[in-house]
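Source file target.txt; content: compact mmCIF, C-alpha atoms.
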```txt
# COMPACT_ATOMS: atom_id res chain seq x y z
CA MET C 651 62.35 140.59 28.13
CA THR C 652 58.87 139.26 27.35
CA LEU C 653 58.01 137.94 23.90
CA VAL C 654 54.33 137.88 22.86
CA HIS C 655 53.32 135.80 19.84
CA GLY C 656 50.64 136.19 17.19
CA PHE C 657 47.56 134.54 15.67
CA PRO C 658 47.05 131.69 14.91
CA THR C 659 50.33 130.19 16.07
CA SER C 660 52.19 130.11 19.41
CA SER C 661 55.35 130.99 21.30
CA HIS C 662 57.13 128.43 19.12
CA ASP C 663 57.42 131.28 16.59
CA TRP C 664 60.19 132.72 18.78
CA SER C 665 62.24 129.50 18.89
CA PRO C 666 64.71 130.65 16.17
CA LEU C 667 65.57 133.70 18.31
CA VAL C 668 65.47 132.59 21.94
CA PRO C 669 68.79 130.67 22.11
CA GLY C 670 70.73 133.60 20.64
CA LEU C 671 69.07 136.12 22.97
CA ALA C 672 69.77 133.89 25.97
CA ARG C 673 73.43 133.58 24.97
CA LEU C 674 73.62 137.38 25.06
CA GLY C 675 72.64 137.22 28.72
CA PHE C 676 68.99 138.23 28.48
CA ARG C 677 66.33 136.66 30.66
CA VAL C 678 63.77 135.63 28.07
CA THR C 679 60.14 134.97 29.00
CA THR C 680 57.68 133.64 26.46
CA PHE C 681 54.47 131.63 26.70
CA ASP C 682 51.37 130.56 24.80
CA LEU C 683 48.43 132.92 25.14
CA LEU C 684 45.10 131.43 26.17
CA GLY C 685 43.63 129.44 23.28
CA PHE C 686 46.99 129.01 21.54
CA GLY C 687 49.68 126.34 21.41
CA HIS C 688 49.98 124.33 24.62
CA SER C 689 47.85 126.64 26.77
CA ASP C 690 44.30 125.76 27.74
CA LYS C 691 41.76 126.00 24.92
CA PRO C 692 38.32 126.28 26.49
CA ARG C 693 35.67 125.94 23.78
CA ARG C 694 32.91 127.94 25.45
CA HIS C 695 34.87 131.04 26.28
CA ARG C 696 34.77 134.64 25.13
CA TYR C 697 38.38 135.30 24.24
CA SER C 698 39.56 138.86 24.73
CA LEU C 699 42.77 140.80 24.21
CA LEU C 700 42.09 142.49 27.54
CA GLU C 701 42.03 139.12 29.29
CA GLN C 702 45.24 138.13 27.54
CA ALA C 703 46.87 141.26 28.98
CA ASP C 704 45.55 140.28 32.42
CA LEU C 705 47.20 136.87 32.01
CA VAL C 706 50.52 138.45 31.04
CA GLU C 707 50.43 140.58 34.17
CA ASP C 708 49.59 137.51 36.26
CA LEU C 709 52.53 135.65 34.72
CA TRP C 710 54.83 138.54 35.59
CA ARG C 711 53.62 138.41 39.21
CA ARG C 712 54.16 134.65 39.42
CA LEU C 713 57.68 134.89 37.97
CA GLY C 714 58.66 137.96 39.95
CA ILE C 715 59.15 140.09 36.82
CA GLY C 716 59.11 143.83 37.42
CA ASP C 717 60.27 146.15 34.68
CA THR C 718 60.66 144.41 31.34
CA ALA C 719 61.22 144.98 27.66
CA LEU C 720 58.40 143.79 25.39
CA VAL C 721 58.64 142.24 21.93
CA ALA C 722 55.38 141.63 20.07
CA HIS C 723 54.16 140.16 16.80
CA ASP C 724 50.75 140.13 15.07
CA TYR C 725 47.94 139.49 17.63
CA GLY C 726 50.54 140.14 20.31
CA VAL C 727 50.93 143.79 19.31
CA SER C 728 47.40 144.50 20.57
CA VAL C 729 48.11 142.73 23.87
CA VAL C 730 51.24 144.85 24.28
CA GLN C 731 49.43 148.06 23.34
CA GLU C 732 46.96 147.30 26.13
CA LEU C 733 49.82 146.70 28.56
CA LEU C 734 51.38 150.01 27.49
CA ALA C 735 48.08 151.77 28.10
CA ARG C 736 47.95 150.33 31.63
CA THR C 737 51.50 150.69 32.98
CA PRO C 738 53.92 152.28 30.50
CA ARG C 739 56.52 152.96 33.20
CA ARG C 740 57.24 149.28 33.79
CA ILE C 741 57.99 148.75 30.06
CA THR C 742 61.67 149.56 29.54
CA ARG C 743 61.59 149.39 25.72
CA THR C 744 59.38 147.95 22.99
CA ALA C 745 60.08 146.08 19.76
CA TRP C 746 57.35 145.43 17.23
CA LEU C 747 57.15 142.90 14.40
CA ASN C 748 54.41 142.95 11.75
CA GLY C 749 51.01 143.42 13.35
CA GLY C 750 47.81 145.45 13.32
CA LEU C 751 48.98 148.50 15.23
CA TYR C 752 46.28 150.56 13.51
CA ALA C 753 42.88 148.90 13.16
CA ASP C 754 41.99 150.92 10.07
CA LEU C 755 45.07 149.60 8.24
CA HIS C 756 44.59 145.93 9.11
CA ARG C 757 43.92 143.82 5.99
CA PRO C 758 42.94 140.28 6.98
CA ILE C 759 43.24 137.67 4.25
CA ARG C 760 40.16 135.99 2.82
CA ILE C 761 40.15 132.94 5.11
CA GLN C 762 40.37 135.20 8.14
CA ARG C 763 37.43 137.27 6.92
CA LEU C 764 35.39 134.12 6.35
CA LEU C 765 36.22 132.64 9.74
CA HIS C 766 35.36 135.97 11.35
CA GLY C 767 31.95 135.96 9.66
CA PRO C 768 28.69 134.19 10.52
CA MET C 769 29.78 130.92 8.88
CA GLY C 770 33.04 130.85 10.82
CA PRO C 771 32.12 128.09 13.31
CA LEU C 772 31.20 125.76 10.47
CA LEU C 773 34.20 126.64 8.33
CA ALA C 774 36.57 126.03 11.24
CA HIS C 775 35.91 122.30 10.96
CA ALA C 776 37.36 122.35 7.45
CA ILE C 777 40.68 123.91 8.48
CA SER C 778 43.50 121.53 7.61
CA GLU C 779 47.28 121.55 7.66
CA ARG C 780 47.32 121.73 3.88
CA GLY C 781 45.07 124.80 3.94
CA PHE C 782 47.17 126.35 6.69
CA ARG C 783 50.36 125.93 4.66
CA SER C 784 48.68 127.43 1.61
CA SER C 785 47.47 130.47 3.56
CA MET C 786 50.85 130.96 5.19
CA ARG C 787 52.66 130.99 1.87
CA ARG C 788 50.38 133.85 0.76
CA ILE C 789 51.60 136.08 3.59
CA LEU C 790 55.27 135.06 3.68
CA GLY C 791 57.83 136.91 1.59
CA ARG C 792 60.72 134.45 1.89
CA PRO C 793 60.69 130.65 1.62
CA VAL C 794 59.92 128.68 4.78
CA THR C 795 60.32 124.90 4.92
CA ASP C 796 57.38 122.52 5.13
CA ARG C 797 58.86 121.24 8.39
CA ALA C 798 58.77 124.71 9.95
CA LEU C 799 55.16 125.17 8.86
CA HIS C 800 54.28 121.72 10.22
CA GLU C 801 55.71 122.66 13.61
CA MET C 802 53.60 125.82 13.60
CA TRP C 803 50.53 123.80 12.64
CA GLU C 804 51.05 121.35 15.52
CA GLY C 805 50.40 124.10 18.04
CA ILE C 806 47.19 125.10 16.25
CA ALA C 807 45.90 121.53 15.91
CA LEU C 808 46.66 120.52 19.51
CA ASN C 809 43.46 119.82 21.44
CA ARG C 810 41.41 120.77 18.35
CA GLY C 811 42.56 124.33 18.65
CA ARG C 812 41.75 125.04 15.00
CA LEU C 813 38.08 125.16 16.01
CA LEU C 814 38.75 128.26 18.13
CA ALA C 815 39.70 130.44 15.16
CA PRO C 816 36.31 132.24 14.94
CA GLN C 817 36.38 133.09 18.65
CA LEU C 818 39.99 134.23 18.61
CA LEU C 819 39.37 136.38 15.54
CA ARG C 820 37.14 138.62 17.62
CA TYR C 821 40.35 140.54 18.15
CA ILE C 822 39.48 142.31 14.89
CA ASP C 823 36.46 143.88 16.59
CA GLU C 824 38.37 144.67 19.78
CA ARG C 825 40.98 146.57 17.81
CA ARG C 826 38.27 148.83 16.42
CA VAL C 827 36.69 149.38 19.82
CA HIS C 828 39.97 150.24 21.56
CA GLN C 829 41.75 151.88 18.63
CA ALA C 830 41.97 155.38 20.11
CA ARG C 831 43.34 154.17 23.45
CA TRP C 832 45.82 151.74 21.93
CA VAL C 833 47.11 154.15 19.30
CA SER C 834 47.58 156.79 22.00
CA ALA C 835 49.55 154.29 24.11
CA LEU C 836 51.72 153.33 21.15
CA GLU C 837 52.46 156.81 19.85
CA GLY C 838 52.77 158.34 23.31
CA TYR C 839 55.26 155.82 24.64
CA GLU C 840 58.49 157.63 25.53
CA GLY C 841 60.83 154.66 25.82
CA PRO C 842 63.13 153.27 23.12
CA THR C 843 61.10 151.79 20.26
CA LEU C 844 62.10 149.49 17.42
CA PHE C 845 60.08 148.27 14.44
CA VAL C 846 61.40 145.16 12.66
CA TRP C 847 59.13 144.95 9.66
CA GLY C 848 58.49 142.78 6.63
CA PRO C 849 57.18 145.09 3.88
CA ALA C 850 55.95 142.20 1.68
CA ASP C 851 53.26 141.32 4.23
CA PRO C 852 49.78 141.80 2.66
CA ILE C 853 48.13 142.03 6.09
CA SER C 854 50.29 144.55 7.96
CA GLY C 855 53.19 145.35 5.66
CA ALA C 856 54.60 148.44 3.99
CA HIS C 857 51.32 150.36 4.30
CA VAL C 858 51.56 150.18 8.11
CA LEU C 859 55.24 151.09 8.11
CA ALA C 860 54.46 154.29 6.21
CA ARG C 861 52.24 155.49 9.06
CA VAL C 862 54.75 154.39 11.69
CA ARG C 863 57.41 156.57 10.05
CA GLU C 864 55.01 159.49 9.86
CA ARG C 865 53.68 159.28 13.41
CA MET C 866 56.78 158.06 15.29
CA PRO C 867 59.85 159.67 13.72
CA HIS C 868 61.80 159.02 16.92
CA ALA C 869 61.52 155.23 16.54
CA VAL C 870 64.17 153.00 15.01
CA VAL C 871 62.86 151.23 11.90
CA ALA C 872 64.45 148.14 10.37
CA GLU C 873 62.67 147.39 7.10
CA LEU C 874 63.58 143.90 5.88
CA ALA C 875 63.34 144.78 2.22
CA GLY C 876 65.63 142.06 0.90
CA PRO C 877 65.71 141.03 -1.80
CA PRO C 878 63.54 139.13 -1.38
CA ALA C 879 61.50 141.25 1.01
CA VAL C 880 60.26 139.65 4.22
CA GLY C 881 56.55 139.12 4.77
CA HIS C 882 54.36 138.64 7.84
CA TYR C 883 56.67 136.47 9.98
CA PRO C 884 60.09 138.17 10.22
CA GLN C 885 61.27 135.94 13.09
CA ILE C 886 60.59 132.81 11.00
CA GLU C 887 61.56 134.14 7.57
CA ALA C 888 64.75 135.99 8.55
CA PRO C 889 65.92 134.99 12.06
CA GLU C 890 69.54 135.63 11.09
CA GLU C 891 68.65 139.31 10.59
CA VAL C 892 66.01 139.73 13.29
CA GLY C 893 68.05 138.15 16.10
CA PRO C 894 71.00 140.60 15.92
CA LEU C 895 68.67 143.55 15.47
CA LEU C 896 66.72 142.66 18.61
CA GLY C 897 69.86 141.78 20.54
CA ALA C 898 71.52 145.12 19.82
CA PHE C 899 68.36 147.08 20.53
CA LEU C 900 67.56 145.29 23.78
CA ALA C 901 71.15 145.75 24.93
CA GLY C 902 70.66 149.49 24.50
CA SER C 903 72.90 149.99 21.49
```
For the structure just supplied, provide its representation as structure tokens.
Amino acid sequence: MTLVHGFPTSSHDWSPLVPGLARLGFRVTTFDLLGFGHSDKPRRHRYSLLEQADLVEDLWRRLGIGDTALVAHDYGVSVVQELLARTPRRITRTAWLNGGLYADLHRPIRIQRLLHGPMGPLLAHAISERGFRSSMRRILGRPVTDRALHEMWEGIALNRGRLLAPQLLRYIDERRVHQARWVSALEGYEGPTLFVWGPADPISGAHVLARVRERMPHAVVAELAGPPAVGHYPQIEAPEEVGPLLGAFLAGS
């Protein structure tokens, strides 16, 4: 299986799940997308979801990965939608965690809107760990330790990666441009599909899940309603629930 992480963090988001999935016998592949975590972070680069999909395909070639299941979160859902649009037959099954599957339903928080705007490059210099923790707690539904948030921050701060936020946030525009193609790929996919969703997420929460249920009645939906309800990061907020759900689904049960 291939796990694709979200913005603004890294593949470290999957660390609570990977050991359990590996113990079940799965070959787990995860990585930091370009501009994230420990991957290269070129400053003068036009980041694109299409390029990220190219890099995933290149990674598959290098590792000799043919058919694979895909698990995606946040920014990663758009990368996976692009991969589905290209070669759906190589994707054996898909699992989705909170993300902007539908561009018209995406509700970025205030700091994201500001960083995406004309003052973004200047504002990026003011991003701090304290501000990151504050923003994260606005989108989480369940408590997450300061240590866990610090580990997430380390991947952002590495090599001054926080300064890339305005460039990476261009994904908001790409989602609008490619919405028809990506929605068609998502809704037209015929393989097994699972949604593991935190309804308390203000960005891509219950309002997205309502459309998923309407448009994809064949899909399996696991709504982590609590109490307390899970927010934007199910794999961090509720790994003890998400891990078994993914394991059973990926095993075909």
For each of C:Tyr883, C:Tyr752, C:Phe686, C:Phe899, take the minimum atom-to-atom distance to Arg861 (chain C), counting all atoms listed in the file, then give the residue where this is smallest. C:Tyr752
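The residue that comes closest to Leu772 (chain C), out of C:Arg792, C:Arg743, C:Arg797, C:Arg812 and on the basis of only C-alpha atoms, is C:Arg812.
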Taking into account only C-alpha atoms, which residue in the set C:Met651, C:Ala735, C:Leu671, C:Ala830 is nearest to Leu720 (chain C)?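 Looking only at the distances to Leu720 (chain C), the closest residue turns out to be C:Met651.
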Residues within 6 Å of Gly848 (chain C), all atoms listed in the file, excluding chain neighbours under 3 positions, as a PDB file with C-alpha atoms, keeping the file's coordinate frame:
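Ended up saving to selection-v5.pdb:
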```pdb
ATOM      1  CA  ASP C 851      53.260 141.320   4.230  1.00  0.00           C
ATOM      2  CA  GLY C 855      53.190 145.350   5.660  1.00  0.00           C
ATOM      3  CA  LEU C 874      63.580 143.900   5.880  1.00  0.00           C
ATOM      4  CA  VAL C 880      60.260 139.650   4.220  1.00  0.00           C
ATOM      5  CA  GLY C 881      56.550 139.120   4.770  1.00  0.00           C
ATOM      6  CA  HIS C 882      54.360 138.640   7.840  1.00  0.00           C
TER       7      HIS C 882
END
```
When you look at Asp823 (chain C) with a cut-off of 12 Å (counting all atoms listed in the file), what residues show up, excluding the ones that are within fewer than 2 positions of it in the same chain? I need them as a PyMOL selection string. chain C and resi 697-699+728+750+753-754+756+763+766-767+816-821+825-829
Tell me which protein, DNA and RNA residues are within 12 Å of Glu891 (chain C), counting all atoms listed in the file, leaving out same-chain ones fewer than 2 positions away, and put them as a list in words.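 Contacts, with the query itself left out: Pro666, Leu667, Gly670, Val846, Trp847, Gly848, Ala872, Glu873, Leu874, Ala875, Gly876, Val880, Pro884, Gln885, Ile886, Glu887, Ala888, Pro889, Gly893, Pro894, Leu895, Leu896, Gly897 and Ala898 of chain C.
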Protein/DNA/RNA residues near (53.2, 153.2, 21.0), cut 9 Å, only C-alpha atoms, as an MDAnalysis selection string: chainID C and resid 731 734:735 744 751 832:840 843 866
Have a look at CA of Ala869 (chain C) and CA of Leu844 (chain C) and let me know their distance in Å, one decimal. 5.8 Å
Give the answer as one residue: which of C:Ser785, C:Gln762, C:Asn748, C:Thr718 has the shortest atom-to-atom distance to Ile822 (chain C), using all atoms listed in the file?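 Going through C:Ser785, C:Gln762, C:Asn748, C:Thr718 one by one, the smallest distance to Ile822 (chain C) is for C:Gln762.
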Please provide the set of residues having any atom within 8 Å of Leu755 (chain C), restricted to all atoms listed in the file, with same-chain residues fewer than 4 positions apart removed, written as a JSON list (two decimals) with C-alpha atoms, keeping the file's coordinate frame.
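After the write, part29.json holds the following:
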```json
[["chain", "number", "residue", "atom", "x", "y", "z"],
["C", 750, "GLY", "CA", 47.81, 145.45, 13.32],
["C", 854, "SER", "CA", 50.29, 144.55, 7.96],
["C", 857, "HIS", "CA", 51.32, 150.36, 4.30],
["C", 858, "VAL", "CA", 51.56, 150.18, 8.11]]
```
Counting only C-alpha atoms, the option among C:Met769, C:Ile806, C:Val892, C:Ile759 closest to Asp682 (chain C): C:Ile806
Separation of CA of Ala672 (chain C) from CA of Asp724 (chain C), in Å and rounded to one decimal: 22.8 Å
To one decimal place in Å, what is the distance between CA of Thr652 (chain C) and CA of Val721 (chain C)?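 We find that CA of Thr652 (chain C) and CA of Val721 (chain C) lie 6.2 Å from each other.
Non-sequential neighbours of His662 (chain C) (distance at most 12 Å, separation of 5 or more positions within a chain, all atoms listed in the file) are Leu653, Val654, His655, Gly656, Phe657, Leu667, Val668, Thr680, Phe681, Asp682, Leu683, Phe686, Gly687, His688, Ala798, Leu799, His800, Glu801, Met802, Trp803, Glu804, Gly805, Ile806, Gln885 and Ile886 of chain C.
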Quick one: of C:Arg863, C:His723, C:Arg810, C:His868, who's nearest to Lys691 (chain C), counting only C-alpha atoms?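 Nearest to Lys691 (chain C): C:Arg810.
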Please return region 686-698 of chain C, rebuilt to N, CA, C and O atoms, as a PDB file, keeping the file's coordinate frame.
```pdb
ATOM      1  N   PHE C 686      45.938 129.229  22.522  1.00  0.00           N
ATOM      2  CA  PHE C 686      46.990 129.010  21.540  1.00  0.00           C
ATOM      3  C   PHE C 686      47.969 127.946  22.036  1.00  0.00           C
ATOM      4  O   PHE C 686      48.198 127.805  23.245  1.00  0.00           O
ATOM      5  N   GLY C 687      48.594 127.243  21.080  1.00  0.00           N
ATOM      6  CA  GLY C 687      49.680 126.340  21.410  1.00  0.00           C
ATOM      7  C   GLY C 687      49.329 125.329  22.482  1.00  0.00           C
ATOM      8  O   GLY C 687      48.334 124.616  22.401  1.00  0.00           O
ATOM      9  N   HIS C 688      50.155 125.297  23.542  1.00  0.00           N
ATOM     10  CA  HIS C 688      49.980 124.330  24.620  1.00  0.00           C
ATOM     11  C   HIS C 688      49.195 124.884  25.800  1.00  0.00           C
ATOM     12  O   HIS C 688      49.055 124.192  26.819  1.00  0.00           O
ATOM     13  N   SER C 689      48.694 126.112  25.698  1.00  0.00           N
ATOM     14  CA  SER C 689      47.850 126.640  26.770  1.00  0.00           C
ATOM     15  C   SER C 689      46.458 126.028  26.692  1.00  0.00           C
ATOM     16  O   SER C 689      46.093 125.375  25.712  1.00  0.00           O
ATOM     17  N   ASP C 690      45.682 126.249  27.734  1.00  0.00           N
ATOM     18  CA  ASP C 690      44.300 125.760  27.740  1.00  0.00           C
ATOM     19  C   ASP C 690      43.537 126.350  26.564  1.00  0.00           C
ATOM     20  O   ASP C 690      43.786 127.489  26.152  1.00  0.00           O
ATOM     21  N   LYS C 691      42.569 125.568  26.063  1.00  0.00           N
ATOM     22  CA  LYS C 691      41.760 126.000  24.920  1.00  0.00           C
ATOM     23  C   LYS C 691      40.281 125.760  25.199  1.00  0.00           C
ATOM     24  O   LYS C 691      39.633 124.938  24.550  1.00  0.00           O
ATOM     25  N   PRO C 692      39.743 126.472  26.188  1.00  0.00           N
ATOM     26  CA  PRO C 692      38.320 126.280  26.490  1.00  0.00           C
ATOM     27  C   PRO C 692      37.454 126.610  25.278  1.00  0.00           C
ATOM     28  O   PRO C 692      37.664 127.624  24.613  1.00  0.00           O
ATOM     29  N   ARG C 693      36.497 125.758  24.978  1.00  0.00           N
ATOM     30  CA  ARG C 693      35.670 125.940  23.780  1.00  0.00           C
ATOM     31  C   ARG C 693      34.587 126.988  24.007  1.00  0.00           C
ATOM     32  O   ARG C 693      34.284 127.766  23.103  1.00  0.00           O
ATOM     33  N   ARG C 694      33.986 126.992  25.165  1.00  0.00           N
ATOM     34  CA  ARG C 694      32.910 127.940  25.450  1.00  0.00           C
ATOM     35  C   ARG C 694      33.473 129.092  26.280  1.00  0.00           C
ATOM     36  O   ARG C 694      33.239 129.204  27.478  1.00  0.00           O
ATOM     37  N   HIS C 695      34.193 129.942  25.595  1.00  0.00           N
ATOM     38  CA  HIS C 695      34.870 131.040  26.280  1.00  0.00           C
ATOM     39  C   HIS C 695      34.881 132.244  25.360  1.00  0.00           C
ATOM     40  O   HIS C 695      35.060 132.096  24.146  1.00  0.00           O
ATOM     41  N   ARG C 696      34.703 133.413  25.923  1.00  0.00           N
ATOM     42  CA  ARG C 696      34.770 134.640  25.130  1.00  0.00           C
ATOM     43  C   ARG C 696      36.192 135.188  25.229  1.00  0.00           C
ATOM     44  O   ARG C 696      36.552 135.873  26.197  1.00  0.00           O
ATOM     45  N   TYR C 697      36.980 134.891  24.233  1.00  0.00           N
ATOM     46  CA  TYR C 697      38.380 135.300  24.240  1.00  0.00           C
ATOM     47  C   TYR C 697      38.484 136.812  24.039  1.00  0.00           C
ATOM     48  O   TYR C 697      37.740 137.404  23.256  1.00  0.00           O
ATOM     49  N   SER C 698      39.422 137.400  24.762  1.00  0.00           N
ATOM     50  CA  SER C 698      39.560 138.860  24.730  1.00  0.00           C
ATOM     51  C   SER C 698      41.026 139.250  24.852  1.00  0.00           C
ATOM     52  O   SER C 698      41.788 138.664  25.639  1.00  0.00           O
TER      53      SER C 698
END
```
